[in-house]
Every structure is written in C-alpha cells, then in structure tokens.
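Okay, my_file-v7.tsv now, which holds TSV, C-alpha atoms and all ligand atoms:
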chain	number	residue	atom	x	y	z
A	296	MET	CA	-9.22	6.76	-19.46
A	297	LYS	CA	-7.25	3.85	-18.07
A	298	ASN	CA	-9.20	0.66	-17.61
A	299	PHE	CA	-8.33	-1.33	-14.53
A	300	ASP	CA	-9.51	-4.33	-12.50
A	301	THR	CA	-9.37	-3.38	-8.84
A	302	VAL	CA	-9.66	-7.00	-7.70
A	303	SER	CA	-9.47	-10.04	-9.97
A	304	TRP	CA	-8.43	-13.68	-10.06
A	305	VAL	CA	-5.58	-14.14	-12.53
A	306	GLU	CA	-3.34	-17.20	-13.08
A	307	ASN	CA	-4.49	-18.83	-9.88
A	308	SER	CA	-3.67	-15.72	-7.84
A	309	LEU	CA	-5.46	-12.79	-6.29
A	310	GLN	CA	-4.59	-9.73	-8.34
A	311	ILE	CA	-5.16	-6.25	-6.94
A	312	VAL	CA	-4.26	-2.71	-7.96
A	313	ALA	CA	-1.40	-1.62	-5.66
A	314	GLN	CA	-3.27	1.33	-4.18
A	315	THR	CA	-0.52	2.62	-1.88
A	316	LYS	CA	1.57	3.52	-4.95
A	317	LEU	CA	-1.13	5.58	-6.68
A	318	PRO	CA	-1.20	8.16	-8.20
A	319	VAL	CA	2.55	8.07	-8.89
A	320	GLU	CA	2.70	4.50	-10.16
A	321	PHE	CA	0.02	2.17	-11.47
A	322	ASN	CA	0.91	-1.49	-10.75
A	323	TYR	CA	-0.81	-4.74	-10.00
A	324	LEU	CA	0.14	-7.02	-7.10
A	325	LYS	CA	-0.27	-10.76	-7.58
A	326	ILE	CA	-0.84	-12.61	-4.34
A	327	ASN	CA	-0.57	-16.37	-3.84
A	328	ASP	CA	-0.48	-16.63	-0.11
A	329	PHE	CA	-3.06	-16.17	2.65
A	330	ASP	CA	-0.82	-14.18	5.03
A	331	VAL	CA	0.35	-11.88	2.24
A	332	ALA	CA	-3.28	-11.27	1.24
A	333	CYS	CA	-4.27	-10.43	4.86
A	334	ASP	CA	-1.31	-8.07	5.09
A	335	ALA	CA	-2.29	-6.35	1.81
A	336	ILE	CA	-5.81	-5.79	3.17
A	337	LYS	CA	-4.43	-4.44	6.46
A	338	ARG	CA	-1.98	-2.12	4.69
A	339	LEU	CA	-4.77	-0.78	2.43
A	340	GLU	CA	-3.24	-2.05	-0.83
A	341	VAL	CA	-6.85	-3.05	-1.42
A	342	ARG	CA	-9.40	-1.00	0.50
A	343	GLY	CA	-12.93	0.34	0.42
A	344	ALA	CA	-15.67	-1.81	1.98
A	345	PRO	CA	-16.94	-3.66	-1.14
A	346	ALA	CA	-13.40	-4.29	-2.48
A	347	ILE	CA	-12.33	-5.60	0.94
A	348	GLY	CA	-15.29	-8.02	0.86
A	349	ILE	CA	-14.34	-9.26	-2.62
A	350	ALA	CA	-10.61	-9.57	-1.86
A	351	GLY	CA	-11.56	-11.24	1.43
A	352	ALA	CA	-13.58	-13.89	-0.41
A	353	PHE	CA	-10.56	-14.79	-2.59
A	354	THR	CA	-8.36	-14.70	0.51
A	355	LEU	CA	-10.55	-17.39	2.09
A	356	TYR	CA	-9.78	-19.57	-0.92
A	357	LEU	CA	-6.04	-18.83	-0.63
A	358	GLY	CA	-6.20	-19.83	3.04
A	359	THR	CA	-7.92	-23.15	2.41
A	360	ARG	CA	-6.81	-24.37	-1.02
A	361	ASP	CA	-3.74	-26.27	0.25
A	362	PHE	CA	-5.53	-27.96	3.14
A	363	ASN	CA	-4.98	-31.71	3.38
A	364	GLY	CA	-7.20	-33.73	5.66
A	365	ASP	CA	-10.82	-34.69	6.20
A	366	LEU	CA	-13.94	-32.55	5.91
A	367	VAL	CA	-14.26	-32.01	9.68
A	368	GLY	CA	-10.65	-30.78	9.75
A	369	PHE	CA	-11.32	-28.56	6.73
A	370	LYS	CA	-14.30	-26.92	8.42
A	371	LYS	CA	-12.24	-26.21	11.56
A	372	HIS	CA	-9.41	-24.83	9.44
A	373	PHE	CA	-11.86	-22.59	7.55
A	374	LEU	CA	-13.07	-21.07	10.84
A	375	GLN	CA	-9.47	-20.27	11.87
A	376	VAL	CA	-8.70	-18.71	8.49
A	377	ALA	CA	-11.92	-16.66	8.68
A	378	LYS	CA	-11.00	-15.43	12.18
A	379	VAL	CA	-7.54	-14.21	11.10
A	380	LEU	CA	-9.03	-12.55	8.00
A	381	GLY	CA	-11.76	-10.87	10.07
A	382	GLU	CA	-9.14	-9.21	12.26
A	383	THR	CA	-7.58	-7.31	9.32
A	384	ARG	CA	-10.25	-4.57	8.99
A	385	PRO	CA	-12.90	-4.68	11.74
A	386	THR	CA	-15.24	-1.88	10.59
A	387	ALA	CA	-16.00	-2.69	6.93
A	388	VAL	CA	-18.89	-5.12	7.33
A	389	ASN	CA	-18.65	-6.34	3.73
A	390	LEU	CA	-15.68	-8.44	4.86
A	391	PHE	CA	-17.81	-10.23	7.46
A	392	TRP	CA	-20.69	-10.46	4.98
A	393	ALA	CA	-18.41	-12.30	2.52
A	394	ILE	CA	-17.00	-14.53	5.29
A	395	GLU	CA	-20.55	-15.40	6.42
A	396	ARG	CA	-21.76	-16.03	2.86
A	397	ILE	CA	-18.94	-18.48	2.13
A	398	GLY	CA	-18.98	-19.80	5.71
A	399	LYS	CA	-22.59	-20.94	5.32
A	400	ILE	CA	-21.66	-22.90	2.19
A	401	VAL	CA	-18.76	-24.57	4.01
A	402	GLU	CA	-20.89	-25.34	7.06
A	403	ASN	CA	-23.64	-27.04	5.02
A	404	PHE	CA	-21.32	-28.92	2.67
A	405	SER	CA	-20.96	-32.68	2.64
A	406	GLY	CA	-18.83	-34.18	-0.11
A	407	GLU	CA	-15.30	-34.10	-1.47
A	408	ILE	CA	-12.99	-31.40	-0.13
A	409	GLU	CA	-11.55	-30.66	-3.56
A	410	GLN	CA	-15.08	-29.92	-4.79
A	411	LEU	CA	-15.69	-27.60	-1.82
A	412	LYS	CA	-12.48	-25.68	-2.61
A	413	LYS	CA	-13.74	-25.12	-6.17
A	414	ILE	CA	-17.11	-23.94	-4.80
A	415	ILE	CA	-15.35	-21.40	-2.53
A	416	LEU	CA	-13.41	-19.99	-5.48
A	417	GLY	CA	-16.59	-19.93	-7.59
A	418	GLU	CA	-18.45	-18.02	-4.87
A	419	ALA	CA	-15.66	-15.42	-4.67
A	420	GLN	CA	-15.93	-14.97	-8.47
A	421	LYS	CA	-19.70	-14.56	-8.08
A	422	ILE	CA	-19.28	-11.88	-5.39
A	423	LEU	CA	-16.89	-10.03	-7.72
A	424	GLN	CA	-19.27	-10.15	-10.70
A	425	GLU	CA	-22.33	-9.22	-8.62
A	426	ASP	CA	-20.59	-6.13	-7.26
A	427	LYS	CA	-20.14	-4.75	-10.78
A	428	GLU	CA	-23.88	-4.86	-11.41
A	429	ILE	CA	-24.70	-3.58	-7.91
A	430	CYS	CA	-22.54	-0.48	-8.43
A	431	ARG	CA	-24.20	0.28	-11.79
A	432	ASN	CA	-27.61	0.08	-10.11
A	433	ILE	CA	-26.54	2.31	-7.22
A	434	GLY	CA	-25.40	4.81	-9.85
A	435	LYS	CA	-28.67	4.57	-11.75
A	436	ASN	CA	-30.83	4.95	-8.63
A	437	GLY	CA	-28.76	7.80	-7.20
A	438	GLN	CA	-28.17	9.92	-10.27
A	439	VAL	CA	-31.75	11.26	-10.20
A	440	LEU	CA	-30.76	13.18	-7.04
A	441	LEU	CA	-28.18	15.19	-8.96
A	442	LYS	CA	-29.27	18.07	-11.18
A	443	ASN	CA	-27.46	19.48	-14.18
A	444	GLY	CA	-24.80	22.01	-13.13
A	445	MET	CA	-24.36	20.75	-9.56
A	446	THR	CA	-21.06	20.64	-7.69
A	447	VAL	CA	-20.77	17.60	-5.44
A	448	LEU	CA	-18.32	17.12	-2.59
A	449	THR	CA	-17.04	13.64	-1.74
A	450	HIS	CA	-14.76	12.26	0.96
A	451	CYS	CA	-12.26	9.40	0.91
A	452	ASN	CA	-12.58	7.10	-2.12
A	453	ALA	CA	-15.83	5.34	-2.94
A	454	GLY	CA	-15.06	4.81	-6.60
A	455	GLY	CA	-13.93	1.99	-8.86
A	456	LEU	CA	-10.88	1.49	-6.65
A	457	ALA	CA	-13.12	0.74	-3.65
A	458	THR	CA	-15.35	-1.73	-5.50
A	459	ALA	CA	-15.17	-4.26	-8.33
A	460	ASP	CA	-15.81	-1.43	-10.78
A	461	TYR	CA	-17.48	2.02	-11.06
A	462	GLY	CA	-17.94	2.71	-7.36
A	463	THR	CA	-20.79	3.70	-5.08
A	464	ALA	CA	-20.62	7.46	-4.31
A	465	LEU	CA	-18.53	8.10	-7.44
A	466	GLY	CA	-20.80	5.73	-9.39
A	467	VAL	CA	-23.70	8.12	-8.72
A	468	ILE	CA	-21.64	10.99	-10.14
A	469	PHE	CA	-20.49	8.92	-13.15
A	470	SER	CA	-24.06	7.89	-13.88
A	471	ALA	CA	-25.34	11.49	-13.69
A	472	ILE	CA	-22.64	12.54	-16.16
A	473	GLU	CA	-23.45	9.59	-18.46
A	474	ASN	CA	-27.05	10.84	-18.37
A	475	GLY	CA	-25.90	14.13	-19.89
A	476	LYS	CA	-25.67	16.25	-16.71
A	477	LYS	CA	-22.75	18.56	-16.10
A	478	ILE	CA	-21.38	17.71	-12.64
A	479	SER	CA	-18.28	19.16	-10.99
A	480	VAL	CA	-16.64	17.48	-8.00
A	481	PHE	CA	-14.82	18.73	-4.93
A	482	ALA	CA	-12.70	15.99	-3.34
A	483	ASP	CA	-11.52	16.15	0.28
A	484	GLU	CA	-7.91	14.99	0.48
A	485	THR	CA	-8.91	12.73	3.42
A	486	ARG	CA	-6.22	12.70	6.07
A	487	PRO	CA	-4.41	10.73	7.31
A	488	LEU	CA	-4.00	8.31	4.39
A	489	LEU	CA	-5.11	10.67	1.63
A	490	GLN	CA	-7.50	8.38	-0.25
A	491	GLY	CA	-9.21	11.52	-1.59
A	492	SER	CA	-6.12	13.10	-3.14
A	493	ARG	CA	-4.30	9.91	-4.11
A	494	LEU	CA	-7.25	7.84	-5.36
A	495	THR	CA	-10.44	9.88	-5.90
A	496	ALA	CA	-8.66	12.78	-7.60
A	497	TRP	CA	-6.84	10.20	-9.77
A	498	GLU	CA	-10.03	8.38	-10.77
A	499	LEU	CA	-11.90	11.60	-11.53
A	500	THR	CA	-9.12	13.19	-13.55
A	501	GLN	CA	-8.62	9.92	-15.48
A	502	ARG	CA	-12.26	10.34	-16.51
A	503	LYS	CA	-11.69	14.03	-17.32
A	504	ILE	CA	-14.27	15.14	-14.75
A	505	ASP	CA	-13.96	18.73	-13.51
A	506	THR	CA	-12.32	18.11	-10.09
A	507	THR	CA	-11.13	20.44	-7.33
A	508	LEU	CA	-9.03	19.01	-4.50
A	509	ILE	CA	-9.33	20.62	-1.05
A	510	CYS	CA	-7.89	19.89	2.41
A	511	ASP	CA	-10.49	18.36	4.75
A	512	GLY	CA	-10.69	21.49	6.92
A	513	MET	CA	-11.73	23.62	3.94
A	514	ALA	CA	-15.07	21.90	3.33
A	515	ALA	CA	-17.19	24.04	5.69
A	516	PHE	CA	-15.87	27.27	4.20
A	517	CYS	CA	-16.56	26.02	0.65
A	518	MET	CA	-20.14	25.26	1.76
A	519	ALA	CA	-20.50	28.72	3.31
A	520	GLN	CA	-19.29	30.24	0.04
A	521	GLY	CA	-22.05	28.40	-1.85
A	522	LYS	CA	-19.61	26.25	-3.80
A	523	ILE	CA	-21.18	22.90	-2.82
A	524	ASP	CA	-24.69	21.70	-3.81
A	525	ALA	CA	-24.58	18.18	-2.36
A	526	VAL	CA	-22.30	15.76	-0.53
A	527	ILE	CA	-22.09	12.07	-1.45
A	528	VAL	CA	-20.02	9.53	0.47
A	529	GLY	CA	-19.74	5.75	0.67
A	530	ALA	CA	-20.12	3.64	3.81
A	531	ASP	CA	-18.30	0.92	5.71
A	532	ARG	CA	-21.20	-0.19	7.88
A	533	ILE	CA	-24.79	1.01	8.18
A	534	ALA	CA	-26.78	0.08	11.29
A	535	SER	CA	-30.48	-0.87	11.16
A	536	ASN	CA	-31.51	2.70	12.02
A	537	GLY	CA	-29.37	4.23	9.25
A	538	ASP	CA	-26.43	5.41	11.42
A	539	THR	CA	-23.45	5.16	9.08
A	540	ALA	CA	-19.76	4.46	9.65
A	541	ASN	CA	-17.49	5.88	6.96
A	542	LYS	CA	-13.99	7.35	6.71
A	543	ILE	CA	-13.02	9.66	9.57
A	544	GLY	CA	-14.14	13.18	8.69
A	545	THR	CA	-17.49	12.12	7.23
A	546	TYR	CA	-19.41	13.07	10.39
A	547	SER	CA	-18.03	16.65	10.30
A	548	LEU	CA	-19.18	16.95	6.69
A	549	ALA	CA	-22.70	15.86	7.64
A	550	VAL	CA	-22.84	18.39	10.51
A	551	ASN	CA	-21.64	21.11	8.15
A	552	CYS	CA	-24.24	20.09	5.56
A	553	GLN	CA	-27.00	20.52	8.15
A	554	LYS	CA	-25.70	23.99	9.05
A	555	HIS	CA	-25.63	25.03	5.37
A	556	LYS	CA	-28.84	23.19	4.33
A	557	ILE	CA	-27.01	21.00	1.82
A	558	PRO	CA	-28.23	17.43	1.15
A	559	PHE	CA	-25.95	14.72	2.54
A	560	TYR	CA	-26.20	11.38	0.72
A	561	VAL	CA	-24.73	7.96	1.50
A	562	ALA	CA	-24.34	5.46	-1.37
A	563	ALA	CA	-23.76	1.81	-0.47
A	564	PRO	CA	-24.73	-1.75	-1.43
A	565	LEU	CA	-27.12	-3.70	0.79
A	566	SER	CA	-24.13	-5.83	1.86
A	567	THR	CA	-22.93	-2.77	3.83
A	568	PHE	CA	-26.01	-2.86	6.09
A	569	ASP	CA	-25.56	-4.61	9.41
A	570	PHE	CA	-29.10	-5.52	10.42
A	571	SER	CA	-27.77	-7.32	13.50
A	572	ILE	CA	-27.11	-3.99	15.20
A	573	LYS	CA	-29.66	-1.39	16.15
A	574	ASN	CA	-27.54	1.75	15.93
A	575	GLY	CA	-24.12	3.19	15.24
A	576	LYS	CA	-22.91	2.89	18.84
A	577	GLN	CA	-22.50	-0.83	18.21
A	578	ILE	CA	-20.20	-0.38	15.20
A	579	PRO	CA	-16.59	-1.40	15.99
A	580	ILE	CA	-14.23	1.40	14.95
A	581	GLU	CA	-10.80	0.44	13.66
A	582	GLU	CA	-7.89	2.32	15.26
A	583	ARG	CA	-4.72	2.47	13.21
A	584	ASP	CA	-1.02	3.01	13.81
A	585	LYS	CA	0.16	6.37	15.17
A	586	ASN	CA	2.75	6.66	12.41
A	587	GLU	CA	-0.03	7.25	9.89
A	588	ILE	CA	-0.41	10.66	11.56
A	589	ILE	CA	3.21	11.33	12.58
A	590	LEU	CA	4.56	10.61	9.09
A	591	ILE	CA	3.53	11.50	5.56
A	592	SER	CA	5.30	9.20	3.04
A	593	ASP	CA	8.04	8.47	5.61
A	594	LYS	CA	8.62	12.18	6.30
A	595	GLN	CA	8.13	13.07	9.96
A	596	ILE	CA	5.64	15.92	10.41
A	597	ALA	CA	4.97	15.77	14.16
A	598	PRO	CA	7.06	15.16	17.31
A	599	LYS	CA	7.30	11.41	17.96
A	600	GLU	CA	6.45	12.01	21.67
A	601	VAL	CA	3.01	13.55	21.03
A	602	ASN	CA	-0.10	11.53	21.94
A	603	ILE	CA	-1.91	10.23	18.87
A	604	TYR	CA	-5.51	9.09	18.45
A	605	ASN	CA	-6.15	7.58	15.02
A	606	PRO	CA	-9.68	6.20	14.51
A	607	ALA	CA	-10.05	5.23	10.83
A	608	PHE	CA	-13.82	5.81	10.76
A	609	ASP	CA	-16.54	7.86	12.42
A	610	VAL	CA	-20.28	7.36	12.71
A	611	THR	CA	-22.75	9.81	11.19
A	612	PRO	CA	-26.11	9.75	13.03
A	613	ASN	CA	-29.08	8.94	10.80
A	614	ASP	CA	-30.80	12.32	11.36
A	615	LEU	CA	-27.99	14.04	9.43
A	616	ILE	CA	-28.38	11.78	6.37
A	617	SER	CA	-30.81	12.98	3.68
A	618	ALA	CA	-30.97	9.64	1.85
A	619	ILE	CA	-29.20	6.29	1.53
A	620	ILE	CA	-28.80	5.14	-2.07
A	621	THR	CA	-28.69	1.36	-2.61
A	622	GLU	CA	-28.88	-0.96	-5.62
A	623	ARG	CA	-32.50	-1.75	-4.71
A	624	GLN	CA	-33.90	1.71	-3.95
A	625	VAL	CA	-33.21	5.10	-2.38
A	626	PHE	CA	-34.18	5.24	1.31
A	627	TYR	CA	-35.18	8.74	2.41
A	628	ASN	CA	-34.86	10.23	5.87
A	629	PRO	CA	-36.46	9.52	8.43
A	630	PHE	CA	-35.78	5.96	7.22
A	631	ASN	CA	-39.13	4.48	8.22
A	632	ASP	CA	-38.98	2.81	4.82
A	633	LEU	CA	-35.64	1.27	5.90
A	634	SER	CA	-37.25	-0.42	8.90
A	635	ASN	CA	-40.11	-1.63	6.69
A	636	PHE	CA	-37.55	-2.99	4.26
A	637	ILE	CA	-35.71	-4.84	7.04
A	638	LEU	CA	-38.98	-6.29	8.34
A	639	GLY	CA	-39.84	-7.32	4.77
A	640	GLU	CA	-36.47	-9.09	4.39
A	641	LYS	CA	-37.01	-10.97	7.63
A	642	LYS	CA	-40.43	-12.30	6.62
A	701	LIG	O1	-9.83	2.91	5.00
A	701	LIG	P1	-10.50	2.74	3.67
A	701	LIG	O2	-9.76	3.40	2.55
A	701	LIG	O3	-10.82	1.30	3.38
A	701	LIG	O4	-11.88	3.51	3.84
A	701	LIG	C1	-12.78	3.52	2.77
A	701	LIG	C2	-14.01	4.30	3.02
A	701	LIG	O5	-14.23	4.84	4.07
A	701	LIG	C3	-15.02	4.31	1.91
A	701	LIG	O6	-15.73	5.51	1.90
A	701	LIG	C4	-16.04	3.18	2.13
A	701	LIG	O7	-15.37	1.96	2.35
A	701	LIG	C5	-16.97	3.02	0.98
A	701	LIG	S1	-16.16	2.41	-0.46
A	701	LIG	C6	-17.33	2.20	-1.68
Once you've parsed the file, please lay out its structure as structure tokens.
Amino acid sequence: MKNFDTVSWVENSLQIVAQTKLPVEFNYLKINDFDVACDAIKRLEVRGAPAIGIAGAFTLYLGTRDFNGDLVGFKKHFLQVAKVLGETRPTAVNLFWAIERIGKIVENFSGEIEQLKKIILGEAQKILQEDKEICRNIGKNGQVLLKNGMTVLTHCNAGGLATADYGTALGVIFSAIENGKKISVFADETRPLLQGSRLTAWELTQRKIDTTLICDGMAAFCMAQGKIDAVIVGADRIASNGDTANKIGTYSLAVNCQKHKIPFYVAAPLSTFDFSIKNGKQIPIEERDKNEIILISDKQIAPKEVNIYNPAFDVTPNDLISAIITERQVFYNPFNDLSNFILGEKK
C-alpha cells in the first residue's frame, strides 16, 4: 500500500495531501502562507477533525512567524490570526482545541519573540506526533468490539487522511484486521462531497480490504438485508452528554441502526470532546456553499434556481450511540462513565 503523510512540516512549509484530487491523482501541496493555509482548510484539501487540528496548529505558526514588533503586539496579532483560522471550519472542535492549546502557551509567555515562534512550531509538531499514537490506541481499544467475520459500515472518511496517520473509525477496523480478524467494510459514498467514495474507498482498497461502496440512501436496505453487523463513524465534536456531531448523514445511520438492532459506534480522540457544552444543541453546524449540491465536479446536476440547504454535519443524540471509543477507554451507553470521567478530569 502507498505510504503517505496527511499533514507534515517539510522544508519550512506545511505539507498536506491534496485531498480534493483523490482518488484520481495523489499529490502533495506545500503551503507557505497563512491565507493559503486557511483557504486549503476551508476547501477541504485537508479535512477530518484531527487533521484540521494539526494543520491548524501549523497554520498558527505560518500566521505569526513573520511578525515584527514587541511581545504585546505579537500576542494581539496571535489572537487575530487565531480568529481568522477559527472561522474556516466552525464544527470540528479539534481546531479550537489546538488554537487553545497554543494560545495558552502564547498568553503565558514572557521572553524573546523568536523563541516563542520556535515554541509554537514545536507544539504543532508535538500535536502531530501525539495524534499518531492516539489513533493507534483508539484502534487497539475499539478492535475488541469487532468479531471475526463482521461487516462494518462507515460514513465519510475517518481514516489516515482525516488524522496524522491510521485514523479513528478506520483505525478500529485496521486494528481488528491486524489482530487476525476477517472484516469486510461497506462505505457510504457520503454526499455532497463524497469523502466516502473518494477517500475511504481509496484508503481501504490501498490496504486490500474487502470494500463495498454504496450510495448513502442504500444503507437502511443493506441493514434490513442483514448485510451490516456494526456501524463505526468518527466525530467532529462530542458534547458532555455524548451527543455527537459528525458528517451529515450520520444521524440517519444511527436511527437505522436502532431500527435494525445493530451497534452504532463512534471513534474519536479526547480532543474531540467539548466539555464546555452540555449537549448537541449547542454544537455550531457549518453550512457550506450551495454549489456543492448543485454541481458534481463542475457538472450541473440540479436547476440553479432551486433552494439549497447544505449543513455539513448533523448531531446524533447520545441514546442512539452504543459506545464511544477513545484512546483512553471505551465509554458505553448510557455514558454515566463519561460524566464520571469528566468530573475526574475537573478534579
Ligand atoms: O467535512 P469533513 O470531511 O472534514 O468531515 C469529516 C468528518 O465528518 C469525519 O467523520 C470526522 O471529522 C472524523 S475524522 C477522524
């Protein structure tokens, strides 16, 4: 299989896999400029909550490395840069987690600006490295839920392309296979931007995993036919009560799982939890351009005059989620253990 670095720091630049070109072309983009980096995040050249957090951390460095002035001015400039970056993708909380993590360092710093710039870059590198280990641990913790011979359905892309490496939902599948289990995968194509067909089907077939691609609307029928044993998805933001925002279409899958008595799992790092909000109603949902629905690869497929509603994410209520798999542990529904965990963290 092809080895790739989804996000990396190469020759003083942010390097990302150009995800809008996949699966037809595999290329890297090298980015040297803050505005270009923000645009790449907005256009989904780099996407998936953890990868957005990592790319965002490097983007903070790009936005501050040329600053000339005193420390007070630097701190003000950092806040402006962070604000612009935060507006690129409002739902994926990992972006705000990374901004806050680096923001705290900047806020508490007293010393030479050039040293602070190096610290920001070093912290971005740390976030990148940590994510690799986190994904492996999510895989290890989650794979016990999958039995030999299972067929698992996934939605969007929560694989190596959405993280530093390996993935969250796909990481669980990879880990089960590495543990000797035979696992087949059904991938939803994931309209409107087709992360399932373009990215997940690409990652899985690169790894020679038995993969069947279906249109989103086929999932319920596949469940009714007994073709699906479990569903695993990633997450963009998980509220304190376990309500989970993920790619639009995830909620319908969870409802269909309940109807067909199929376990519905969410796999995500702890950085995807937003303990500042009580429930999913407080999660901001990104709305994207109408042309993402009117066009497919520049080909018009709907009348331009039609009304379009294009929310990029939906929220799955916690009662529909069987378990949330993290790098620390698996939290099982009804998520009392999740509240205990949060209380424990606060102590
Ligand atoms: O719009 P995207 O492609 O960034 O949406 C990605 C998803 O919804 C993923 O499922 C989620 O970020 C988890 S990635 C490990």
May I have the protein, DNA and RNA residues with any atom at most 8 Å from the point (-1.7, -14.7, -0.4), counting all atoms listed in the file, written as a list of chain:residue names?
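Collected hits near the coordinates: A:Ser308, A:Leu309, A:Ile326, A:Asn327, A:Asp328, A:Phe329, A:Asp330, A:Val331, A:Ala332, A:Cys333, A:Thr354, A:Leu357, A:Gly358.
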As JSON: centre and edge lengths in Å, one decimal, of the axis-aligned box holding ligand LIG 701 (chain A) with 3 Å per side:
{"center_x": -13.5, "center_y": 3.4, "center_z": 1.7, "size_x": 13.6, "size_y": 10.2, "size_z": 12.7}
Give me, as a PyMOL selection string, all polymer residues having an atom no more than 10 Å from A:Ala350, counting all atoms listed in the file and skipping those fewer than 5 positions away in the same chain.
chain A and resi 301-304+309-311+332-333+335-336+341-342+345+355+390+393+419+422-423+458-459
Separation of atom CA of A:Asp426 and atom CA of A:Asp361, in Å?
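These two atoms are separated by 27.3 Å.
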What do you get as a ChimeraX atom specification if you pick all residues at most 8 Å from ligand LIG 701 (chain A), counting only C-alpha atoms and all ligand atoms?
/A:339,341-347,387,450-455,457-458,462-464,488,490,528-531,540-543,562-563,607-608
Please, what distance in Å, to one decimal, runs between atom CA of A:Glu428 and atom CA of A:Leu565?
12.7 Å
List every protein, DNA or RNA residue that has at least one atom no more than 9 Å from (-23.3, 0.9, 7.6) in the file's coordinates, counting all atoms listed in the file, and write the result as a PyMOL selection string.
chain A and resi 387-388+530-535+537-541+563+566-569+575+578+610
Please, what distance in Å, to one decimal, runs between atom CA of A:Ala352 and atom CA of A:Lys316?
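Taking atom CA of A:Ala352 and atom CA of A:Lys316, their separation equals 23.5 Å.
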Write out as a VMD selection string each polymer residue whose atoms come within 8 Å of A:Val625, counting only C-alpha atoms; drop sequence neighbours fewer than 4 positions from it.
chain A and resid 436 to 437 618 to 621
From the list A:Glu409, A:Glu600, A:Phe353, A:Phe391, which residue is nearest A:Leu366 when using all atoms listed in the file?
A:Glu409
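Ranking A:Tyr356, A:Trp392, A:Phe299, A:Tyr627 by their shortest atom-to-atom distance to A:Tyr560, with all atoms listed in the file included, puts A:Tyr627 first.
Proximity to A:Asn536 was assessed for A:Tyr604, A:Phe481, A:Phe626, A:Tyr461 counting only C-alpha atoms; the smallest distance is recorded for A:Phe626.
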When you count all atoms listed in the file, which of these residues is closest to A:Cys517: A:Trp497, A:Val447, A:Asn574, A:Leu456?
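That would be A:Val447, the residue with the smallest distance to A:Cys517.
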Closest of A:Glu622, A:Glu498, A:Asp483, A:Glu587 to A:Glu425, counting all atoms listed in the file, is A:Glu622
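Nearest-residue note for A:Asn307: choosing from A:Ala377, A:Leu416, A:Ala471, A:Gly512, the minimum distance belongs to A:Leu416, counting only C-alpha atoms.
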Can you list, as number ranges by chain, every protein, DNA or RNA residue that comes within 10 Å of A:Asn474 when you count all atoms listed in the file, leaving out same-chain residues fewer than 3 positions away?
A: 435, 438-439, 443, 468-471, 477
At a cut-off of 9 Å, using only C-alpha atoms, what residues contact stretch 410-412 of chain A? Leave out same-chain residues fewer than 3 positions from it and give the result as a VMD selection string.
chain A and resid 356 359 to 360 400 to 401 404 to 407 415 to 417
